[in-house]
Amino acid sequence: MKLRELKLEVSQALLEVYPSEEVASFFVLLSEAYLNMSRLELALNTEVVVSEAVSEKFRNAVVRLKAFEPIQYIIGTTEFYSLPFNVTKATLIPRPETEELVDWILNDIPKKENWEGSVLDIGTGSGCIAISLAKNLPKSSVSALDFSEEALKIAKQNAELNGVSVDFSTQNILTVATLPKQYSVIVSNPPYVRELEKKEMQQNVLRHEPDSALFVSDADPLVFYRRIATLAKQHLYKDGLLYFEINEYLGNELVTMLTEMDYKNVTLKKDIFGRDRMIKCKTNE
Ligand SMILES: C[S@@+](CC[C@H](N)C(=O)[O-])C[C@H]1O[C@@H](n2cnc3c(N)ncnc32)[C@H](O)[C@@H]1O
């Protein structure tokens, strides 16, 4: 089958479910993954013949996309902070707001090339926060933990893929008594979606991403923040910084909680859409 015919078949099937811009972008991503062809090469080689085996891969992807499976899980990769990351159903797909969190941390560090501080990422998932920090802070020492062995397997692959060294460990943050050492920065994007918010979420997230990465009980949505902030009190150096990605509806409650815990300079930050999505605070003024 010619590439142009395959494109027509795939596009017609996906247009039943997705808008045309999204269909076009899916076809490019699938072609990069299965044909190793860029957007430009696709445009220039419409008459090229695609093997039956590869056409079949596209057809399988169409079935999965029509079941609202995220494209990142289908092709097994995504990009975060301009770096490549493998993803599987054991890992959350890294989000743009988390890139903003990484950017906030990096902007707070003046001489990134020479910074020799230590960082801990709690609930690392694909490793996206830890690895992008390690990549941009070449002299730092970065550690990361998650309670999912499956997620950590992927995070370790991603550290190798990006040529950085991160000290990964399997820990349940809700039950560990202490953290391994002292840190200059502790960061976390913990589960923070309340059960009551499920109805606002898209099918592709609800059906395919890991529940344990996303949800917390309506009764105690700040459980991870309280636990991490308590541990961070003992494990941040003087002037150490704590950063969280947050639920946009819980910003004020977090400001109150961290202030009552005697953290200083508690600062909320909005994402590019104007929503409170990050918070930072300091151990000392
Ligand atoms: C919102 S995801 C964030 C993943 C990744 N850091 C990111 O930003 O894309 C939360 C992560 O916390 C992990 N997690 C959930 N409960 C945990 C626990 N009790 N202890 C340690 N990690 C936990 C999940 O496995 C998941 O990887």
# chains A, B, ... in the order shown; residues from 1 in each chain; ligands from 1
>>> select_by_dssp(residues="range 224-259 of chain A", states="strand (DSSP E or B)", output="number ranges by chain")
A: 236-245
>>> write_last_selection(atoms="N, CA and C atoms", output="PDB file, in the first residue's frame")
ATOM      1  N   LEU A 236      15.544  18.900  54.799  1.00  0.00           N
ATOM      2  CA  LEU A 236      16.042  19.989  53.950  1.00  0.00           C
ATOM      3  C   LEU A 236      17.150  20.711  54.719  1.00  0.00           C
ATOM      4  N   TYR A 237      18.198  21.068  54.028  1.00  0.00           N
ATOM      5  CA  TYR A 237      19.237  21.898  54.644  1.00  0.00           C
ATOM      6  C   TYR A 237      18.640  23.255  55.005  1.00  0.00           C
ATOM      7  N   LYS A 238      19.370  24.016  55.829  1.00  0.00           N
ATOM      8  CA  LYS A 238      18.993  25.402  56.097  1.00  0.00           C
ATOM      9  C   LYS A 238      18.891  26.112  54.738  1.00  0.00           C
ATOM     10  N   ASP A 239      17.879  26.923  54.565  1.00  0.00           N
ATOM     11  CA  ASP A 239      17.613  27.596  53.285  1.00  0.00           C
ATOM     12  C   ASP A 239      17.197  26.630  52.179  1.00  0.00           C
ATOM     13  N   GLY A 240      16.858  25.415  52.557  1.00  0.00           N
ATOM     14  CA  GLY A 240      16.399  24.446  51.558  1.00  0.00           C
ATOM     15  C   GLY A 240      15.037  24.826  51.007  1.00  0.00           C
ATOM     16  N   LEU A 241      14.749  24.355  49.807  1.00  0.00           N
ATOM     17  CA  LEU A 241      13.492  24.723  49.147  1.00  0.00           C
ATOM     18  C   LEU A 241      12.631  23.494  48.871  1.00  0.00           C
ATOM     19  N   LEU A 242      11.327  23.679  49.090  1.00  0.00           N
ATOM     20  CA  LEU A 242      10.354  22.619  48.831  1.00  0.00           C
ATOM     21  C   LEU A 242       9.421  23.097  47.720  1.00  0.00           C
ATOM     22  N   TYR A 243       9.275  22.297  46.671  1.00  0.00           N
ATOM     23  CA  TYR A 243       8.414  22.667  45.542  1.00  0.00           C
ATOM     24  C   TYR A 243       7.358  21.583  45.326  1.00  0.00           C
ATOM     25  N   PHE A 244       6.134  21.999  45.043  1.00  0.00           N
ATOM     26  CA  PHE A 244       5.068  21.047  44.724  1.00  0.00           C
ATOM     27  C   PHE A 244       4.317  21.484  43.478  1.00  0.00           C
ATOM     28  N   GLU A 245       3.885  20.508  42.676  1.00  0.00           N
ATOM     29  CA  GLU A 245       2.799  20.792  41.730  1.00  0.00           C
ATOM     30  C   GLU A 245       1.513  20.582  42.513  1.00  0.00           C
TER      31      GLU A 245
END
>>> closest_atom_pairs(of="chain A", to="ligand 1", cutoff="9 Å", atoms="only C-alpha atoms and all ligand atoms", output="JSON lines")
{"residue": "A:Ala90", "atom": "CA", "partner": "ligand 1", "partner_atom_place_in_ligand_line": "25 (O)", "distance": 7.6}
{"residue": "A:Thr91", "atom": "CA", "partner": "ligand 1", "partner_atom_place_in_ligand_line": "27 (O)", "distance": 5.8}
{"residue": "A:Leu92", "atom": "CA", "partner": "ligand 1", "partner_atom_place_in_ligand_line": "9 (O)", "distance": 5.3}
{"residue": "A:Ile93", "atom": "CA", "partner": "ligand 1", "partner_atom_place_in_ligand_line": "9 (O)", "distance": 5.8}
{"residue": "A:Pro94", "atom": "CA", "partner": "ligand 1", "partner_atom_place_in_ligand_line": "9 (O)", "distance": 3.9}
{"residue": "A:Arg95", "atom": "CA", "partner": "ligand 1", "partner_atom_place_in_ligand_line": "9 (O)", "distance": 6.3}
{"residue": "A:Glu97", "atom": "CA", "partner": "ligand 1", "partner_atom_place_in_ligand_line": "8 (O)", "distance": 8.9}
{"residue": "A:Thr98", "atom": "CA", "partner": "ligand 1", "partner_atom_place_in_ligand_line": "8 (O)", "distance": 5.7}
{"residue": "A:Glu99", "atom": "CA", "partner": "ligand 1", "partner_atom_place_in_ligand_line": "8 (O)", "distance": 8.5}
{"residue": "A:Asp121", "atom": "CA", "partner": "ligand 1", "partner_atom_place_in_ligand_line": "6 (N)", "distance": 7.3}
{"residue": "A:Ile122", "atom": "CA", "partner": "ligand 1", "partner_atom_place_in_ligand_line": "22 (N)", "distance": 6.4}
{"residue": "A:Gly123", "atom": "CA", "partner": "ligand 1", "partner_atom_place_in_ligand_line": "12 (O)", "distance": 3.4}
{"residue": "A:Thr124", "atom": "CA", "partner": "ligand 1", "partner_atom_place_in_ligand_line": "6 (N)", "distance": 3.8}
{"residue": "A:Gly125", "atom": "CA", "partner": "ligand 1", "partner_atom_place_in_ligand_line": "27 (O)", "distance": 3.3}
{"residue": "A:Ser126", "atom": "CA", "partner": "ligand 1", "partner_atom_place_in_ligand_line": "5 (C)", "distance": 5.8}
{"residue": "A:Gly127", "atom": "CA", "partner": "ligand 1", "partner_atom_place_in_ligand_line": "6 (N)", "distance": 6.1}
{"residue": "A:Cys128", "atom": "CA", "partner": "ligand 1", "partner_atom_place_in_ligand_line": "7 (C)", "distance": 6.0}
{"residue": "A:Ile129", "atom": "CA", "partner": "ligand 1", "partner_atom_place_in_ligand_line": "6 (N)", "distance": 5.9}
{"residue": "A:Ala130", "atom": "CA", "partner": "ligand 1", "partner_atom_place_in_ligand_line": "6 (N)", "distance": 7.9}
{"residue": "A:Leu145", "atom": "CA", "partner": "ligand 1", "partner_atom_place_in_ligand_line": "21 (C)", "distance": 6.4}
{"residue": "A:Asp146", "atom": "CA", "partner": "ligand 1", "partner_atom_place_in_ligand_line": "22 (N)", "distance": 3.8}
{"residue": "A:Phe147", "atom": "CA", "partner": "ligand 1", "partner_atom_place_in_ligand_line": "21 (C)", "distance": 4.1}
{"residue": "A:Ser148", "atom": "CA", "partner": "ligand 1", "partner_atom_place_in_ligand_line": "25 (O)", "distance": 5.0}
{"residue": "A:Glu149", "atom": "CA", "partner": "ligand 1", "partner_atom_place_in_ligand_line": "25 (O)", "distance": 8.6}
{"residue": "A:Glu150", "atom": "CA", "partner": "ligand 1", "partner_atom_place_in_ligand_line": "25 (O)", "distance": 8.8}
{"residue": "A:Ala151", "atom": "CA", "partner": "ligand 1", "partner_atom_place_in_ligand_line": "27 (O)", "distance": 6.4}
{"residue": "A:Leu152", "atom": "CA", "partner": "ligand 1", "partner_atom_place_in_ligand_line": "27 (O)", "distance": 8.3}
{"residue": "A:Thr170", "atom": "CA", "partner": "ligand 1", "partner_atom_place_in_ligand_line": "21 (C)", "distance": 7.6}
{"residue": "A:Gln171", "atom": "CA", "partner": "ligand 1", "partner_atom_place_in_ligand_line": "21 (C)", "distance": 5.6}
{"residue": "A:Asn172", "atom": "CA", "partner": "ligand 1", "partner_atom_place_in_ligand_line": "20 (N)", "distance": 3.5}
{"residue": "A:Ile173", "atom": "CA", "partner": "ligand 1", "partner_atom_place_in_ligand_line": "20 (N)", "distance": 4.0}
{"residue": "A:Leu174", "atom": "CA", "partner": "ligand 1", "partner_atom_place_in_ligand_line": "19 (N)", "distance": 4.9}
{"residue": "A:Thr175", "atom": "CA", "partner": "ligand 1", "partner_atom_place_in_ligand_line": "19 (N)", "distance": 7.4}
{"residue": "A:Val176", "atom": "CA", "partner": "ligand 1", "partner_atom_place_in_ligand_line": "20 (N)", "distance": 8.7}
{"residue": "A:Val187", "atom": "CA", "partner": "ligand 1", "partner_atom_place_in_ligand_line": "6 (N)", "distance": 9.0}
{"residue": "A:Ser188", "atom": "CA", "partner": "ligand 1", "partner_atom_place_in_ligand_line": "6 (N)", "distance": 6.6}
{"residue": "A:Asn189", "atom": "CA", "partner": "ligand 1", "partner_atom_place_in_ligand_line": "3 (C)", "distance": 4.9}
{"residue": "A:Pro190", "atom": "CA", "partner": "ligand 1", "partner_atom_place_in_ligand_line": "10 (C)", "distance": 4.3}
{"residue": "A:Pro191", "atom": "CA", "partner": "ligand 1", "partner_atom_place_in_ligand_line": "1 (C)", "distance": 4.5}
{"residue": "A:Tyr192", "atom": "CA", "partner": "ligand 1", "partner_atom_place_in_ligand_line": "1 (C)", "distance": 7.1}
{"residue": "A:Val193", "atom": "CA", "partner": "ligand 1", "partner_atom_place_in_ligand_line": "1 (C)", "distance": 8.7}
{"residue": "A:Pro210", "atom": "CA", "partner": "ligand 1", "partner_atom_place_in_ligand_line": "25 (O)", "distance": 7.8}
{"residue": "A:Asp211", "atom": "CA", "partner": "ligand 1", "partner_atom_place_in_ligand_line": "24 (C)", "distance": 8.6}
{"residue": "A:Ser212", "atom": "CA", "partner": "ligand 1", "partner_atom_place_in_ligand_line": "15 (C)", "distance": 5.3}
{"residue": "A:Ala213", "atom": "CA", "partner": "ligand 1", "partner_atom_place_in_ligand_line": "26 (C)", "distance": 3.8}
{"residue": "A:Leu214", "atom": "CA", "partner": "ligand 1", "partner_atom_place_in_ligand_line": "1 (C)", "distance": 5.2}
{"residue": "A:Phe215", "atom": "CA", "partner": "ligand 1", "partner_atom_place_in_ligand_line": "1 (C)", "distance": 8.3}
{"residue": "A:Phe224", "atom": "CA", "partner": "ligand 1", "partner_atom_place_in_ligand_line": "19 (N)", "distance": 7.7}
{"residue": "A:Glu245", "atom": "CA", "partner": "ligand 1", "partner_atom_place_in_ligand_line": "8 (O)", "distance": 8.2}
>>> residues_around(residues="range 276-278 of chain A", least_positions_apart="6", cutoff="7 Å", atoms="only C-alpha atoms", output="PyMOL selection string")
chain A and resi 101+244-248+251+268-270
>>> residues_around(residues="range 30-45 of chain A", least_positions_apart="2", cutoff="10 Å", atoms="only C-alpha atoms", output="ChimeraX atom specification")
/A:2-4,7,25-28,47-50,54-55,57-58,61-62,71-72,74-77
>>> select_by_dssp(residues="range 44-280 of chain A", states="helix (DSSP H, G or I)", output="number ranges by chain")
A: 44, 52-66, 71-75, 96-107, 112-114, 128-136, 149-161, 195-200, 203-208, 211-214, 223-235, 251-260
>>> atom_distance(atom1="CA of Val10 in chain A", atom2="CA of Leu83 in chain A")
28.2 Å
>>> closest_residue(among="A:Ile131, A:Ile186, A:Ala144, A:Val266", to="Phe80 in chain A", atoms="only C-alpha atoms")
A:Ile131
>>> atom_distance(atom1="CA of Ala134 in chain A", atom2="CA of Leu29 in chain A")
27.1 Å
>>> closest_residue(among="A:Ile228, A:Leu258, A:Glu69, A:Asn252", to="Leu206 in chain A", atoms="only C-alpha atoms")
A:Glu69
>>> closest_residue(among="A:Leu120, A:Leu133, A:Val216, A:Ala13", to="Tyr81 in chain A", atoms="only C-alpha atoms")
A:Leu133
>>> closest_residue(among="A:Lys233, A:Lys264, A:Arg207, A:Lys135", to="Pro84 in chain A", atoms="only C-alpha atoms")
A:Lys135
